[in-house]
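Step one of this worksheet: look at the structure below.
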Amino acid sequence: MGCSLAPNRRRSQPVLLAGVAALALAAVLSAPLARAQNFGIEQSVPANSQLLLQADQLIYNDDESTVTAAGGVQIGYGGNRLVSDKVVYNRKTGRLLAVGRVELIDRNGTKFYADQIDVTDDFGDGFINTLQVVTTDKTYFGAESAERQGGVLTKFHNGIYTACEPCEDKPDKAPIWRIKSKTIIWNGKTKMIRFERPRFEMFGLPIAFVPAFEVPDPSVKRKTGFLMPGISYDSKLGFGATIPYYLALSPTYDVTLEGTYHSSQGFLGEAQWRQRFNNGQYNLKIAGIDQGGSEHFDANTVDRKQDGFRGMVGSKGEFALNPRWNFGWNLMTQTDKDFARSYGIGGFSDYVFRNEIYLTGLNDRNYFDLRAMKFNVQENILDSSSAARDGKQPWVLPSLDYSYTPDEPVAGGELNFDLSARTIYRSEEDVALGAPVVRGVEDTNSRITGEAEWRRSFITEGGLVVTPLLHLRADAAYNDMSMESQADIQRMAQLLNVQADVRSSLYRYMATAGLETRWPVLFSTTSSTHVLEPVAQIFVRPDEPDATRLGLVNEDAQSFVFDAANLFDRDKFSGYDRIEGGTRANLGLRYSGSFDNGWTTNAIFGQSYQLAGLNSFATPDLVNVGAYSGLETDVSDYVGMMGFGTPFGLSASLSARMDKDTFDPRRTEVRAAYSGSRFSIYGKYAFIDAQPLYGLNVDQEEVSGGASAKIGDNWRIFASATFDVRNSVVLSNSAGFSYNDECFGYLLTFTQSRNRLTGEETQSIGFNLSFRTLGDIGSGGAI
């Protein structure tokens with residue numbers, strides 16, 4: 001029969017209490033069943049919830065003071081449902097007994113199974129036989145029995161926990177991994193779970209035993225205690241074992257301590273403080289070791305010379321001053337330039353580490369960026385070597401960039417203002433080896449730049465888009481370079497057969513009037529659409545000031561590549577230290593197409609022309625930025641790019657710069673890739689013509705590629721390689737395989753790399769084991 005029992009109805013209290021007791025017991029016992037998920041039943045129920053009872057029989061026994069629901073018992077209350085063969089509530093003893101195929105489903109969908117539940121009505125004491133739990137996120141727990149004592153302690157006897165789904169065909173088959181424990185004790189007062197005599201099994205085989213361990217229950221987000229240990233290997237550091245300890249000092253700050261013993265070097269200690277505020281967070285990290293095995297490092301290296309203490313202090317932070325402004329930092333200091341990288345200090349081991357303090361602002365299209373920076377190259381080369389780079393890196397004190405675009409149009413067009421300033425200090429000049437190049441001068445140089453640009457587009461009736469442009473820029477620069485840097489500039493001028501002109505101050509301006517015309521033409525067929533767009537530009541401006549003599553400091557416009565991507569840029573230099581001058585025209589053709597079958601195509605092809613005035617790319621420069629660029633002649637090289645994409649994962653592209661006279665390739669890059677559900681592959685070919693003034697005396701030619709294949713539902717194999725065609729050297733190659741399913745993952749990789757200049761070879765092996773809900777264990781090292 002089925003009925004709805006209101007709270008004030010006669011004899012409803014025992015049945016209501018029975019249902020609540022059953023549900024609450026499951027709530028109490030379920031909390032500790034998982035390490036990282038709170039899959040316990042919700043103990044509170046919505047107000048005014050009604051209890052729904054359905055059973056074949058409902059028996060009141062006044063002599064024994066019992067209420068029994070028997071035969072297909074179903075109890076629903078507050079979104080929770082209990083199913084059992086029989087439920088008996090003893091009013092005299094205050095105990096509830098649910099017997100026979102007991103199943104409880106809480107409001108979140110977590111399922112509990114047991115043969116029998118016996119509990120007091122105050123939930124202080126109870127007993128469960130043959131308990132099984134299945135959570136909504138597919139974690140599984142079982143125990144032969146469970147008991148509740150004193151309303152605080154819950155004990156599970158012969159418990160099992162896993163995140164692996166049982167095999168449907170062989171439900172008794174051992175999962176990939178599981179934890180078995182003789183006794184699991186949950187203390188509701190201390191919020192800790194204790195595993196006594198646990199063992200970790202894989203494929204039913206025990207692989208790890210410990211006498212006991214404790215973890216916080218899922219209701220605790222942060223708890224002081226040991227974290228998962230780690231292992232590592234490195235041929236120079238030796239075998240390493242790491243034990244981390246976490247201190248939850250406050251809801252807003254904590255400390256993590258790590259101790260790692262390296263068999264070849266000694267004990268490495270690390271400590272990290274983290275603190276969070278309403279508007280941001282920061283951390284502070286320290287690490288140190290009394291290095292005792294420097295002989296394991298390569299000879300004539302920084303690490304080899306560092307017997308004794310090595311250490312570092314680093315900090316990162318960011319705060320939102322308001323919705324538009326952010327302030328932050330990323331800083332590190334260390335006893336030597338390669339400690340953090342050699343020992344893999346987390347967050348501070350990049351080969352080039354940028355120390356910086358910054359203030360940024362963003363509002364619509366306007367932004368502000370102010371930062372001070374110091375670059376550290378974490379290299380293993382001794383400072384006495386001419387190849388060392390760390391000591392030549394600059395201090396940037398400071399760098400400022402500001403951009404403002406008014407919301408309202410000006411004269412019907414868009415007006416933009418930009419401001420850029422920077423001051424750079426070097427204690428040692430940066431001169432390239434084997435080429436007349438001064439990448440950075442010693443001592444101080446400063447620059448401030450202000451510019452304004454206005455542009456407006458007009459569209460004619462025939463679809464022609466005409467965009468006039470006006471641009472004005474002014475610079476002021478100050479140089480206080482050392483006598484050594486001045487002497488090197490003089491020597492470089494003699495090698496290039498130009499005059500040197502080193503000034504302590506410089507003022508220059510540039511005014512540009514430009515016009516761009518575009519005529520996009522649409523072609524359509526029954527199965528495709530195509531847009532062909534001829535583009536023509538002309539920029540009229542005076543010559544670049546002071547460009548005929550060698551002496552202009554070039555710090556931020558060194559990385560320049562002329563290709564289809566910047567063919568239509570007004571100023572093709574990559575930074576502010578150089579200005580493009582003279583009258584220049586750019587002509588090209590853009591194309592894009594799309595097809596009904598999902599294919600897409602695109603292409604750009606064009607050329608640039610110096611029509612009048614001094615060609616800035618043919619003028620002397622401290623880094624020879626215009627040499628071999630393809631723009632140093634009045635008629636530039638051809639540049640182009642074309643590519644296609646498909647709906648089934650195949651894509652390819654070709655970009656190239658070709659000689660204006662012979663059409664020979666000067667720079668080429670070809671890419672192709674396929675990505676499918678079970679197989680992916682990619683390849684790349686790159687060619688760069690020889691550039692002696694850059695120190696590249698021979699052509700550079702490389703081929704790289706990789707592939708990945710999925711085998712079955714869980715396995716994957718992969719490999720990649722990079723080959724130097726000119727020197728017939730494999731620069732790097734790697735291979736590996738992985739396994740992933742719903743509860744377990746494994747990754748193994750093998751990598752080799754070779755230094756193109758020194759021929760030094762490095763090999764590394766890495767692996768990672770991932771257990772869902774437990775965490776990851778991994779190691780890797782150089783051989």
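Ligands are numbered from 1 in the order shown, chains are lettered A, B, ... in the order of the structure tokens, and residues start at 1 in each chain.
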Task: Contacts of Asn554 in chain A at 7 Å (only C-alpha atoms; same-chain gap of 2+ positions) as a ChimeraX atom specification - done: /A:552,556-558,577-578,622
| said: I need the residues in range 251-454 of chain A that are strand (DSSP E or B) according to DSSP; give them as number ranges by chain. | reply: A: 253-262, 266-277, 280-291, 301, 308-320, 325-334, 352-363, 366-377, 381, 395-404, 410, 413-426, 430-431, 438-440, 443-454
Within 6 Å of range 425-438 of chain A, counting only C-alpha atoms, which residues qualify if same-chain residues fewer than 6 places away don't, as a JSON list (two decimals) with C-alpha atoms, in the first residue's frame?
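Writing the result to selection_3.json gives the following:
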```json
[["chain", "number", "residue", "atom", "x", "y", "z"],
["A", 392, "LYS", "CA", 74.80, 41.00, -20.42],
["A", 394, "PRO", "CA", 69.64, 44.59, -18.99],
["A", 395, "TRP", "CA", 67.71, 46.27, -16.22],
["A", 444, "THR", "CA", 72.36, 53.63, -19.68],
["A", 492, "MET", "CA", 81.75, 48.09, -36.41],
["A", 622, "LEU", "CA", 73.93, 48.08, -34.60],
["A", 623, "VAL", "CA", 72.26, 44.70, -35.13],
["A", 693, "LEU", "CA", 76.06, 39.75, -40.78],
["A", 695, "GLY", "CA", 76.46, 35.28, -37.65]]
```
Got a sec: who's within 7 Å of range 155-161 of chain A, counting only C-alpha atoms, leaving out chain neighbours fewer than 5 positions off, as number ranges by chain?
-> A: 140-148, 178-186
Please report, as a PyMOL selection string, each residue of range 267-366 of chain A to which DSSP assigns helix (DSSP H, G or I) when run on this structure's backbone. chain A and resi 294-296+303-305+339-342
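Distances to Lys572 in chain A were evaluated for A:Ser616, A:Asn624, A:Thr668, A:Thr600 using only C-alpha atoms, and the minimum falls at A:Ser616.
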